[in-house]
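This is work.cif. It holds mmCIF, C-alpha atoms.
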data_query
#
loop_
_atom_site.label_atom_id
_atom_site.label_comp_id
_atom_site.auth_asym_id
_atom_site.auth_seq_id
_atom_site.Cartn_x
_atom_site.Cartn_y
_atom_site.Cartn_z
CA MET A 1 -141.93 -40.71 -116.17
CA ASN A 2 -140.69 -41.87 -119.57
CA PHE A 3 -143.93 -42.17 -121.55
CA CYS A 4 -147.25 -40.34 -121.58
CA SER A 5 -149.78 -42.59 -119.83
CA ASN A 6 -152.53 -41.13 -121.99
CA CYS A 7 -151.15 -41.43 -125.56
CA GLY A 8 -147.90 -43.41 -125.11
CA SER A 9 -145.66 -40.68 -126.53
CA ASP A 10 -141.99 -40.85 -125.55
CA LYS A 11 -141.66 -37.07 -125.94
CA ILE A 12 -143.06 -36.32 -122.49
CA ALA A 13 -140.95 -33.67 -120.75
CA ARG A 14 -140.86 -31.17 -117.92
CA ALA A 15 -142.45 -27.88 -118.99
CA ILE A 16 -144.44 -25.02 -117.48
CA PRO A 17 -147.99 -25.23 -118.85
CA ASP A 18 -149.81 -22.08 -120.00
CA GLY A 19 -151.23 -20.25 -117.01
CA ASP A 20 -149.09 -22.21 -114.57
CA ILE A 21 -145.92 -21.21 -112.75
CA ARG A 22 -144.51 -24.67 -112.07
CA GLU A 23 -142.85 -27.33 -114.13
CA ARG A 24 -145.04 -30.38 -114.72
CA TRP A 25 -144.77 -33.48 -116.83
CA VAL A 26 -146.40 -32.36 -120.08
CA CYS A 27 -147.03 -34.36 -123.23
CA PRO A 28 -146.35 -32.32 -126.38
CA ASP A 29 -148.26 -34.83 -128.52
CA CYS A 30 -151.64 -35.07 -126.75
CA GLY A 31 -151.29 -32.04 -124.45
CA MET A 32 -151.98 -33.89 -121.23
CA ILE A 33 -150.51 -32.45 -118.04
CA HIS A 34 -149.53 -35.11 -115.50
CA TYR A 35 -149.79 -33.47 -112.08
CA GLN A 36 -147.91 -34.89 -109.13
CA ASN A 37 -148.97 -33.95 -105.63
CA PRO A 38 -148.23 -34.96 -102.03
CA ASN A 39 -149.58 -38.19 -100.59
CA VAL A 40 -151.37 -38.52 -97.27
CA VAL A 41 -150.21 -40.99 -94.64
CA VAL A 42 -152.82 -41.73 -91.97
CA GLY A 43 -152.17 -43.28 -88.60
CA CYS A 44 -153.41 -43.48 -85.03
CA VAL A 45 -152.22 -44.02 -81.48
CA PRO A 46 -154.36 -46.94 -80.23
CA GLU A 47 -154.79 -46.66 -76.46
CA ARG A 48 -156.19 -49.06 -73.88
CA ASP A 49 -155.91 -48.77 -70.10
CA GLY A 50 -153.30 -46.05 -70.49
CA GLN A 51 -151.03 -48.14 -72.69
CA ILE A 52 -150.46 -47.72 -76.42
CA LEU A 53 -150.06 -50.20 -79.23
CA LEU A 54 -146.77 -50.18 -81.14
CA CYS A 55 -145.76 -52.31 -84.13
CA LYS A 56 -142.26 -53.40 -85.10
CA ARG A 57 -141.86 -53.00 -88.85
CA ALA A 58 -141.28 -56.16 -90.89
CA ILE A 59 -140.58 -54.23 -94.08
CA GLU A 60 -138.25 -51.54 -95.31
CA PRO A 61 -137.82 -48.66 -94.84
CA ARG A 62 -136.82 -48.85 -91.19
CA LYS A 63 -137.40 -52.56 -90.77
CA GLY A 64 -137.07 -53.58 -87.12
CA TYR A 65 -138.02 -50.15 -85.79
CA TRP A 66 -141.21 -49.34 -83.91
CA THR A 67 -144.15 -47.35 -85.20
CA VAL A 68 -147.76 -46.57 -84.49
CA PRO A 69 -150.07 -48.07 -87.12
CA ALA A 70 -149.92 -45.81 -90.20
CA GLY A 71 -149.79 -45.99 -93.97
CA PHE A 72 -150.84 -44.42 -97.23
CA MET A 73 -154.42 -43.22 -97.43
CA GLU A 74 -156.34 -44.90 -100.23
CA LEU A 75 -158.91 -43.54 -102.66
CA GLN A 76 -162.53 -43.83 -101.53
CA GLU A 77 -161.86 -43.76 -97.83
CA SER A 78 -161.78 -41.01 -95.21
CA MET A 79 -158.66 -40.24 -93.20
CA ALA A 80 -160.19 -41.86 -90.12
CA GLU A 81 -161.19 -44.95 -92.10
CA GLY A 82 -157.67 -45.18 -93.46
CA ALA A 83 -156.14 -44.97 -89.99
CA ALA A 84 -158.45 -47.75 -88.78
CA ARG A 85 -157.67 -49.87 -91.85
CA GLU A 86 -153.94 -49.51 -91.32
CA THR A 87 -154.35 -50.66 -87.73
CA GLN A 88 -156.24 -53.70 -88.93
CA GLU A 89 -153.53 -54.48 -91.50
CA GLU A 90 -150.50 -53.93 -89.28
CA ALA A 91 -151.82 -55.15 -85.92
CA LEU A 92 -154.94 -57.15 -86.87
CA ALA A 93 -156.73 -54.90 -84.42
CA ASP A 94 -159.93 -52.86 -84.33
CA VAL A 95 -159.88 -49.29 -83.14
CA GLU A 96 -162.39 -46.56 -82.54
CA ILE A 97 -160.95 -43.39 -84.03
CA HIS A 98 -161.38 -40.16 -82.07
CA ARG A 99 -159.67 -36.82 -82.83
CA LEU A 100 -157.12 -35.65 -85.36
CA PHE A 101 -154.38 -34.44 -83.02
CA ALA A 102 -151.19 -34.20 -85.09
CA ALA A 103 -150.35 -33.29 -88.68
CA VAL A 104 -146.79 -33.44 -89.95
CA ASP A 105 -145.60 -32.01 -93.24
CA VAL A 106 -142.84 -34.09 -94.79
CA PRO A 107 -142.03 -32.02 -97.88
CA HIS A 108 -138.80 -33.86 -98.74
CA ALA A 109 -140.88 -37.03 -99.15
CA GLY A 110 -143.88 -35.31 -100.73
CA GLN A 111 -146.09 -36.45 -97.87
CA VAL A 112 -148.42 -35.25 -95.15
CA HIS A 113 -148.74 -37.49 -92.07
CA VAL A 114 -151.96 -37.23 -90.09
CA PHE A 115 -152.49 -38.89 -86.70
CA PHE A 116 -155.63 -39.60 -84.69
CA THR A 117 -156.24 -40.56 -81.11
CA ALA A 118 -157.95 -43.94 -80.91
CA SER A 119 -159.19 -46.63 -78.55
CA LEU A 120 -158.07 -50.21 -79.05
CA ILE A 121 -161.22 -52.33 -78.88
CA SER A 122 -160.01 -55.81 -79.83
CA ASP A 123 -157.17 -58.24 -79.44
CA PHE A 124 -154.13 -57.71 -81.62
CA ALA A 125 -151.40 -59.69 -83.34
CA PRO A 126 -148.75 -58.82 -85.92
CA GLY A 127 -150.03 -58.49 -89.48
CA PRO A 128 -147.85 -59.29 -92.49
CA GLU A 129 -146.07 -55.91 -92.29
CA SER A 130 -145.20 -56.28 -88.60
CA LEU A 131 -142.68 -58.48 -86.79
CA GLU A 132 -144.26 -57.88 -83.41
CA CYS A 133 -146.97 -55.80 -81.74
CA LYS A 134 -147.05 -54.81 -78.09
CA MET A 135 -148.71 -52.53 -75.57
CA VAL A 136 -146.35 -50.11 -73.85
CA ASP A 137 -146.68 -47.65 -71.02
CA PRO A 138 -145.97 -44.07 -72.14
CA ALA A 139 -142.93 -44.12 -69.85
CA ASP A 140 -141.56 -47.12 -71.73
CA ILE A 141 -141.85 -45.84 -75.30
CA PRO A 142 -138.59 -46.82 -77.05
CA TRP A 143 -137.82 -43.29 -78.26
CA ASP A 144 -134.50 -44.28 -79.84
CA GLU A 145 -136.13 -47.03 -81.86
CA ILE A 146 -139.08 -45.21 -83.43
CA ALA A 147 -139.11 -45.66 -87.20
CA PHE A 148 -139.93 -42.16 -88.43
CA PRO A 149 -139.64 -38.60 -87.06
CA SER A 150 -143.33 -37.98 -87.66
CA GLY A 151 -144.16 -40.91 -85.40
CA THR A 152 -141.82 -39.59 -82.74
CA PHE A 153 -143.55 -36.21 -82.95
CA ALA A 154 -147.02 -37.74 -82.73
CA LEU A 155 -146.09 -39.95 -79.77
CA ARG A 156 -144.45 -37.04 -77.95
CA LYS A 157 -147.52 -34.84 -78.41
CA TRP A 158 -149.82 -37.70 -77.42
CA VAL A 159 -147.89 -38.09 -74.17
CA GLU A 160 -147.86 -34.33 -73.54
CA ASP A 161 -151.60 -34.04 -74.23
CA ALA A 162 -152.23 -36.71 -71.58
CA GLY A 163 -155.77 -37.22 -72.83
CA ARG A 164 -156.64 -33.52 -73.14
CA ASP A 165 -157.81 -32.00 -76.41
CA ARG A 166 -155.18 -29.36 -77.10
CA GLY A 167 -156.04 -28.95 -80.78
CA VAL A 168 -153.96 -30.25 -83.64
CA HIS A 169 -150.20 -30.14 -83.32
CA LEU A 170 -148.50 -29.07 -86.54
CA HIS A 171 -144.94 -29.91 -87.41
CA LYS A 172 -142.70 -29.76 -90.45
CA ALA A 173 -140.27 -32.67 -90.56
CA GLU A 174 -136.78 -32.14 -91.91
CA ARG A 175 -134.91 -34.74 -93.87
CA ARG A 176 -133.15 -37.19 -91.57
CA ILE A 177 -130.19 -39.30 -92.58
CA TYR A 178 -130.34 -42.72 -90.97
CA MET B 1 -154.34 -44.70 -117.94
CA ASN B 2 -153.74 -46.25 -121.38
CA PHE B 3 -149.96 -46.73 -121.37
CA CYS B 4 -147.33 -47.53 -118.77
CA SER B 5 -145.49 -44.28 -118.00
CA ASN B 6 -142.36 -46.30 -117.21
CA CYS B 7 -141.96 -48.60 -120.23
CA GLY B 8 -144.67 -47.39 -122.65
CA SER B 9 -146.51 -50.72 -122.78
CA ASP B 10 -150.14 -50.61 -123.89
CA LYS B 11 -150.91 -53.74 -121.86
CA ILE B 12 -151.32 -51.85 -118.60
CA ALA B 13 -154.40 -53.08 -116.75
CA ARG B 14 -156.16 -53.16 -113.40
CA ALA B 15 -154.87 -56.01 -111.25
CA ILE B 16 -154.28 -56.84 -107.59
CA PRO B 17 -150.51 -56.95 -107.02
CA ASP B 18 -148.95 -59.72 -104.92
CA GLY B 19 -149.33 -58.91 -101.24
CA ASP B 20 -151.94 -56.25 -101.91
CA ILE B 21 -155.72 -56.38 -101.52
CA ARG B 22 -156.66 -53.59 -103.94
CA GLU B 23 -156.74 -53.23 -107.68
CA ARG B 24 -154.03 -50.96 -109.03
CA TRP B 25 -152.80 -50.05 -112.47
CA VAL B 26 -150.12 -52.69 -113.07
CA CYS B 27 -147.84 -53.09 -116.07
CA PRO B 28 -147.41 -56.76 -117.04
CA ASP B 29 -144.35 -55.93 -119.13
CA CYS B 30 -142.12 -54.02 -116.69
CA GLY B 31 -143.96 -54.87 -113.47
CA MET B 32 -144.45 -51.31 -112.32
CA ILE B 33 -147.40 -50.59 -110.04
CA HIS B 34 -148.90 -47.15 -110.59
CA TYR B 35 -150.47 -46.14 -107.28
CA GLN B 36 -153.18 -43.50 -107.19
CA ASN B 37 -153.96 -41.78 -103.91
CA PRO B 38 -156.03 -38.85 -102.63
CA ASN B 39 -154.91 -35.27 -103.20
CA VAL B 40 -154.76 -32.60 -100.55
CA VAL B 41 -156.51 -29.26 -101.00
CA VAL B 42 -155.26 -26.54 -98.65
CA GLY B 43 -157.07 -23.32 -97.83
CA CYS B 44 -157.54 -20.67 -95.19
CA VAL B 45 -160.05 -18.19 -93.84
CA PRO B 46 -158.21 -14.85 -93.99
CA GLU B 47 -159.55 -12.54 -91.26
CA ARG B 48 -159.06 -8.85 -90.58
CA ASP B 49 -161.05 -6.70 -88.15
CA GLY B 50 -163.64 -9.43 -87.80
CA GLN B 51 -164.28 -9.69 -91.53
CA ILE B 52 -163.20 -12.50 -93.84
CA LEU B 53 -161.87 -12.51 -97.37
CA LEU B 54 -163.90 -14.35 -100.01
CA CYS B 55 -163.10 -14.83 -103.68
CA LYS B 56 -165.55 -15.26 -106.55
CA ARG B 57 -164.33 -18.05 -108.81
CA ALA B 58 -163.37 -17.08 -112.38
CA ILE B 59 -162.90 -20.69 -113.44
CA GLU B 60 -164.87 -23.92 -113.50
CA PRO B 61 -165.95 -25.84 -111.58
CA ARG B 62 -168.42 -23.54 -109.83
CA LYS B 63 -167.45 -20.39 -111.71
CA GLY B 64 -169.20 -17.34 -110.24
CA TYR B 65 -169.54 -18.88 -106.77
CA TRP B 66 -167.71 -17.72 -103.66
CA THR B 67 -164.90 -19.52 -101.89
CA VAL B 68 -162.19 -19.01 -99.34
CA PRO B 69 -158.73 -19.18 -100.92
CA ALA B 70 -157.89 -22.86 -101.46
CA GLY B 71 -156.30 -25.18 -103.98
CA PHE B 72 -154.19 -28.26 -104.55
CA MET B 73 -151.18 -28.66 -102.30
CA GLU B 74 -147.95 -28.85 -104.29
CA LEU B 75 -144.87 -30.98 -103.78
CA GLN B 76 -142.13 -29.39 -101.67
CA GLU B 77 -144.38 -27.20 -99.59
CA SER B 78 -146.08 -27.57 -96.23
CA MET B 79 -149.86 -27.41 -95.86
CA ALA B 80 -149.60 -23.95 -94.31
CA GLU B 81 -147.28 -22.75 -97.07
CA GLY B 82 -149.74 -24.07 -99.64
CA ALA B 83 -152.66 -22.26 -98.02
CA ALA B 84 -150.68 -19.00 -98.03
CA ARG B 85 -149.62 -19.53 -101.66
CA GLU B 86 -153.20 -20.11 -102.76
CA THR B 87 -154.24 -16.88 -101.06
CA GLN B 88 -151.51 -15.05 -102.93
CA GLU B 89 -152.61 -16.60 -106.23
CA GLU B 90 -156.36 -16.12 -105.84
CA ALA B 91 -156.47 -12.82 -103.96
CA LEU B 92 -152.96 -11.39 -104.44
CA ALA B 93 -152.87 -11.18 -100.67
CA ASP B 94 -150.46 -12.07 -97.88
CA VAL B 95 -151.65 -13.98 -94.84
CA GLU B 96 -150.20 -15.19 -91.61
CA ILE B 97 -151.36 -18.78 -91.13
CA HIS B 98 -152.42 -19.85 -87.65
CA ARG B 99 -154.18 -23.12 -86.74
CA LEU B 100 -155.50 -26.06 -88.70
CA PHE B 101 -159.17 -25.95 -87.68
CA ALA B 102 -161.08 -28.03 -90.24
CA ALA B 103 -160.38 -31.15 -92.28
CA VAL B 104 -162.92 -32.49 -94.74
CA ASP B 105 -162.74 -35.88 -96.41
CA VAL B 106 -164.12 -35.80 -99.94
CA PRO B 107 -163.83 -39.47 -100.91
CA HIS B 108 -165.95 -39.23 -104.06
CA ALA B 109 -163.40 -36.75 -105.43
CA GLY B 110 -160.37 -38.53 -103.98
CA GLN B 111 -159.49 -35.45 -101.94
CA VAL B 112 -158.86 -34.19 -98.43
CA HIS B 113 -159.55 -30.49 -97.80
CA VAL B 114 -157.65 -28.84 -94.97
CA PHE B 115 -158.40 -25.33 -93.69
CA PHE B 116 -156.41 -22.96 -91.49
CA THR B 117 -157.29 -19.82 -89.61
CA ALA B 118 -155.28 -16.87 -90.90
CA SER B 119 -154.77 -13.14 -90.58
CA LEU B 120 -154.91 -10.98 -93.69
CA ILE B 121 -151.84 -8.75 -93.56
CA SER B 122 -151.87 -6.96 -96.92
CA ASP B 123 -154.12 -5.40 -99.51
CA PHE B 124 -155.91 -7.74 -101.88
CA ALA B 125 -157.20 -7.84 -105.44
CA PRO B 126 -158.54 -10.62 -107.66
CA GLY B 127 -155.88 -12.90 -109.10
CA PRO B 128 -156.32 -14.65 -112.48
CA GLU B 129 -158.56 -17.35 -110.98
CA SER B 130 -160.91 -14.86 -109.29
CA LEU B 131 -163.55 -12.49 -110.68
CA GLU B 132 -163.77 -10.50 -107.49
CA CYS B 133 -162.49 -10.51 -103.90
CA LYS B 134 -164.20 -8.88 -100.95
CA MET B 135 -164.27 -8.67 -97.16
CA VAL B 136 -167.54 -9.77 -95.59
CA ASP B 137 -168.95 -9.73 -92.10
CA PRO B 138 -169.70 -13.24 -90.81
CA ALA B 139 -173.37 -12.26 -90.78
CA ASP B 140 -173.20 -11.49 -94.49
CA ILE B 141 -171.59 -14.70 -95.76
CA PRO B 142 -173.50 -15.66 -98.92
CA TRP B 143 -174.27 -19.18 -97.76
CA ASP B 144 -176.30 -20.05 -100.86
CA GLU B 145 -173.49 -19.01 -103.17
CA ILE B 146 -170.53 -20.87 -101.66
CA ALA B 147 -168.73 -22.94 -104.29
CA PHE B 148 -168.10 -26.22 -102.44
CA PRO B 149 -169.58 -28.04 -99.43
CA SER B 150 -166.16 -28.24 -97.77
CA GLY B 151 -165.93 -24.45 -97.87
CA THR B 152 -169.41 -24.14 -96.40
CA PHE B 153 -168.39 -26.49 -93.59
CA ALA B 154 -165.17 -24.60 -92.90
CA LEU B 155 -166.91 -21.22 -92.88
CA ARG B 156 -169.67 -22.49 -90.59
CA LYS B 157 -167.16 -23.90 -88.12
CA TRP B 158 -165.08 -20.72 -88.30
CA VAL B 159 -168.16 -18.67 -87.39
CA GLU B 160 -169.11 -21.10 -84.60
CA ASP B 161 -165.59 -21.10 -83.17
CA ALA B 162 -165.72 -17.28 -82.96
CA GLY B 163 -161.96 -17.09 -82.50
CA ARG B 164 -161.73 -19.89 -79.93
CA ASP B 165 -159.50 -22.92 -80.46
CA ARG B 166 -161.98 -25.82 -80.37
CA GLY B 167 -159.66 -28.31 -82.03
CA VAL B 168 -159.99 -29.54 -85.58
CA HIS B 169 -163.45 -30.09 -86.97
CA LEU B 170 -163.71 -33.25 -89.04
CA HIS B 171 -166.30 -33.82 -91.72
CA LYS B 172 -166.95 -36.28 -94.52
CA ALA B 173 -168.50 -34.60 -97.53
CA GLU B 174 -171.06 -36.46 -99.58
CA ARG B 175 -171.37 -36.08 -103.31
CA ARG B 176 -173.52 -33.10 -104.23
CA ILE B 177 -175.34 -32.71 -107.52
CA TYR B 178 -175.32 -29.10 -108.64
#
Give the structure from this file in structure tokens form.
Amino acid sequence: MNFCSNCGSDKIARAIPDGDIRERWVCPDCGMIHYQNPNVVVGCVPERDGQILLCKRAIEPRKGYWTVPAGFMELQESMAEGAARETQEEALADVEIHRLFAAVDVPHAGQVHVFFTASLISDFAPGPESLECKMVDPADIPWDEIAFPSGTFALRKWVEDAGRDRGVHLHKAERRIY
Amino acid sequence: MNFCSNCGSDKIARAIPDGDIRERWVCPDCGMIHYQNPNVVVGCVPERDGQILLCKRAIEPRKGYWTVPAGFMELQESMAEGAARETQEEALADVEIHRLFAAVDVPHAGQVHVFFTASLISDFAPGPESLECKMVDPADIPWDEIAFPSGTFALRKWVEDAGRDRGVHLHKAERRIY
């Protein structure tokens, strides 16, 4: 952040506002505090006939690796709507979203990743962000080629749950060097 | 947003970037896209001996109304850490965080509210954002004086769960006119 987005001042700097205990971006000219907070990534594990839908990423980071459909939650949508939208974008597929079953804190990235169970209810094909989409048996999940640790965690818990509702699995992801 | 926080340009405007389908704040001078996404609010229901800790808000919005400890998740913390921090700030109290049991989409505010069960493990007293803190029996929750619909939902589900793990309760809050 080089300029205040409110008044255009170039004097914006890190400072602890009155009544706060954390450094924020604060503009000394207009007084605006520019808060920065974690983002939410929403995804789902689309299932049909015991198989799950995976997408091979066409974009960085982790291009060429496999993931469940997931991406940044947008304003004016719910988490479940976001997970369904991401599935439509990445796999051109419709899903029925069921339960929130995994939530992964990724503090080093300033993110929270939330995963739902889901039923695949349409055909599928790779969207612009995917090289390939395929249905896999749980036994054939390519564990060494999953794009992100949060996805690995969600898939592992999905397999362990085996269709049972065992509440929401919480996990805190550590930084991983690829 | 009146100025680009990257280059200071006053030509920043809403536009749909290449490859996107949504309007964003885009700077025509430096090309930066300024994404805006939902914020996460984290809270908990601190319990001890069957009673729960409520705080009366000392600040707007909804000053004078009751809430469970909750507030904006910060960068570099987990959701559970954020819920514990908010309890420390609002009620000067320590909690042990247990399960994520409620998640409320608040799309009109661009927020997701996440609530944990928790055990109160210290004394408590109102912090700077609270007028008063007190333990209440579930039967004595002041339902008509709860600050926000998400808190009402979380408290209702907490009472219904009665200590059982019934998974995570999802809810989409509608705009409420006070």
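Comparing B:Ala15, B:Cys27, B:Ala70, B:Ile52 by their smallest distance to chain A, the closest is B:Cys27 (using only C-alpha atoms).
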Exercise. Would you kindly translate the PyMOL selection byres ((chain B) within 6 of (chain A)) into the concrete residues it picks from this file, as a list in words?
Key: Met1, Asn2, Phe3, Cys4, Ser5, Asn6, Gly8, Asn37, Pro38, Glu74, Leu75, Gln76, Glu77, Ser78, Asp105, Pro107, Gly110 and Gly167 of chain B
inquiry  = Which residues would end up in the selection if the PyMOL selection byres ((chain A and resi 62) around 12) were applied here, given that I need the answer as an MDAnalysis selection string?
reply    = chainID A and resid 55:61 63:67 129:130 145:149 177:178
Atom CA of A:Ala118 to atom CA of A:Trp158 measures 10.8 Å
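For the pair atom CA of B:Ile16 and atom CA of B:Cys30, the separation is 15.4 Å.
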Self-check item: Matched chain/residue IDs from the PyMOL selection byres ((chain A and resi 54) around 9), as a list of chain:residue names
Solution: A:Val45, A:Pro46, A:Ile52, A:Leu53, A:Cys55, A:Lys56, A:Trp66, A:Thr67, A:Val68, A:Pro69, A:Ala91, A:Glu132, A:Cys133, A:Lys134, A:Met135, A:Val136, A:Ile141
Subject >> For atom CA of B:Gly43 and atom CA of A:Gly31, the interatomic separation in Å (one decimal) >> reply: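 So the two atoms, atom CA of B:Gly43 and atom CA of A:Gly31, lie 28.6 Å apart.
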Next on the checklist: Set the distance at 7 Å and use all atoms listed in the file: which residues neighbour B:Ser119 once local chain neighbours fewer than 3 positions away are removed? I'd like the list as a PyMOL selection string.
Outcome noted: chain B and resi 46-48+95-97
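Of the residues listed (B:Phe124, B:Cys44, B:Gly71, B:Ala139), B:Cys44 shows the shortest atom-to-atom separation from B:His98; distances use all atoms listed in the file.
Among the candidates A:Ala93, A:Asp140, A:Ser150, A:Pro28, the one nearest to A:Ser122 when counting all atoms listed in the file is A:Ala93.
Minimum distance to B:Ala154 across B:His113, B:Asp29, B:Arg175, B:Glu90 (counting only C-alpha atoms) occurs at B:His113.
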Please, can stretch 118-140 of chain B be completed to N, CA and C atoms and returned as an mmCIF file, in the coordinates of the input?
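Below is the file result28.cif, written as the result:
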data_model
loop_
_atom_site.group_PDB
_atom_site.id
_atom_site.type_symbol
_atom_site.label_atom_id
_atom_site.label_comp_id
_atom_site.auth_asym_id
_atom_site.auth_seq_id
_atom_site.Cartn_x
_atom_site.Cartn_y
_atom_site.Cartn_z
ATOM 1 N N ALA B 118 -156.356 -17.718 -90.362
ATOM 2 C CA ALA B 118 -155.280 -16.870 -90.900
ATOM 3 C C ALA B 118 -155.632 -15.407 -90.669
ATOM 4 N N SER B 119 -154.589 -14.588 -90.630
ATOM 5 C CA SER B 119 -154.770 -13.140 -90.580
ATOM 6 C C SER B 119 -154.373 -12.545 -91.920
ATOM 7 N N LEU B 120 -155.241 -11.720 -92.467
ATOM 8 C CA LEU B 120 -154.910 -10.980 -93.690
ATOM 9 C C LEU B 120 -153.986 -9.832 -93.316
ATOM 10 N N ILE B 121 -152.826 -9.765 -93.962
ATOM 11 C CA ILE B 121 -151.840 -8.750 -93.560
ATOM 12 C C ILE B 121 -151.399 -7.875 -94.730
ATOM 13 N N SER B 122 -152.234 -7.806 -95.772
ATOM 14 C CA SER B 122 -151.870 -6.960 -96.920
ATOM 15 C C SER B 122 -153.154 -6.512 -97.612
ATOM 16 N N ASP B 123 -152.983 -5.680 -98.634
ATOM 17 C CA ASP B 123 -154.120 -5.400 -99.510
ATOM 18 C C ASP B 123 -154.463 -6.653 -100.300
ATOM 19 N N PHE B 124 -155.535 -6.589 -101.054
ATOM 20 C CA PHE B 124 -155.910 -7.740 -101.880
ATOM 21 C C PHE B 124 -156.550 -7.251 -103.167
ATOM 22 N N ALA B 125 -156.574 -8.126 -104.142
ATOM 23 C CA ALA B 125 -157.200 -7.840 -105.440
ATOM 24 C C ALA B 125 -157.357 -9.179 -106.149
ATOM 25 N N PRO B 126 -158.338 -9.313 -107.026
ATOM 26 C CA PRO B 126 -158.540 -10.620 -107.660
ATOM 27 C C PRO B 126 -157.348 -11.066 -108.495
ATOM 28 N N GLY B 127 -156.889 -12.294 -108.250
ATOM 29 C CA GLY B 127 -155.880 -12.900 -109.100
ATOM 30 C C GLY B 127 -156.559 -13.498 -110.328
ATOM 31 N N PRO B 128 -155.772 -14.152 -111.202
ATOM 32 C CA PRO B 128 -156.320 -14.650 -112.480
ATOM 33 C C PRO B 128 -157.449 -15.669 -112.319
ATOM 34 N N GLU B 129 -157.510 -16.337 -111.169
ATOM 35 C CA GLU B 129 -158.560 -17.350 -110.980
ATOM 36 C C GLU B 129 -159.801 -16.788 -110.280
ATOM 37 N N SER B 130 -159.784 -15.470 -110.007
ATOM 38 C CA SER B 130 -160.910 -14.860 -109.290
ATOM 39 C C SER B 130 -161.516 -13.723 -110.106
ATOM 40 N N LEU B 131 -162.853 -13.605 -110.046
ATOM 41 C CA LEU B 131 -163.550 -12.490 -110.680
ATOM 42 C C LEU B 131 -163.570 -11.276 -109.771
ATOM 43 N N GLU B 132 -163.558 -11.562 -108.460
ATOM 44 C CA GLU B 132 -163.770 -10.500 -107.490
ATOM 45 C C GLU B 132 -163.313 -11.021 -106.130
ATOM 46 N N CYS B 133 -162.797 -10.141 -105.288
ATOM 47 C CA CYS B 133 -162.490 -10.510 -103.900
ATOM 48 C C CYS B 133 -163.094 -9.438 -103.008
ATOM 49 N N LYS B 134 -163.614 -9.871 -101.861
ATOM 50 C CA LYS B 134 -164.200 -8.880 -100.950
ATOM 51 C C LYS B 134 -164.135 -9.350 -99.510
ATOM 52 N N MET B 135 -164.173 -8.376 -98.586
ATOM 53 C CA MET B 135 -164.270 -8.670 -97.160
ATOM 54 C C MET B 135 -165.758 -8.696 -96.805
ATOM 55 N N VAL B 136 -166.132 -9.707 -96.018
ATOM 56 C CA VAL B 136 -167.540 -9.770 -95.590
ATOM 57 C C VAL B 136 -167.602 -9.976 -94.078
ATOM 58 N N ASP B 137 -168.642 -9.417 -93.496
ATOM 59 C CA ASP B 137 -168.950 -9.730 -92.100
ATOM 60 C C ASP B 137 -169.456 -11.169 -92.040
ATOM 61 N N PRO B 138 -169.155 -11.879 -90.936
ATOM 62 C CA PRO B 138 -169.700 -13.240 -90.810
ATOM 63 C C PRO B 138 -171.210 -13.292 -91.037
ATOM 64 N N ALA B 139 -171.905 -12.268 -90.609
ATOM 65 C CA ALA B 139 -173.370 -12.260 -90.780
ATOM 66 C C ALA B 139 -173.788 -12.130 -92.234
ATOM 67 N N ASP B 140 -172.856 -11.718 -93.083
ATOM 68 C CA ASP B 140 -173.200 -11.490 -94.490
ATOM 69 C C ASP B 140 -172.613 -12.530 -95.433
#
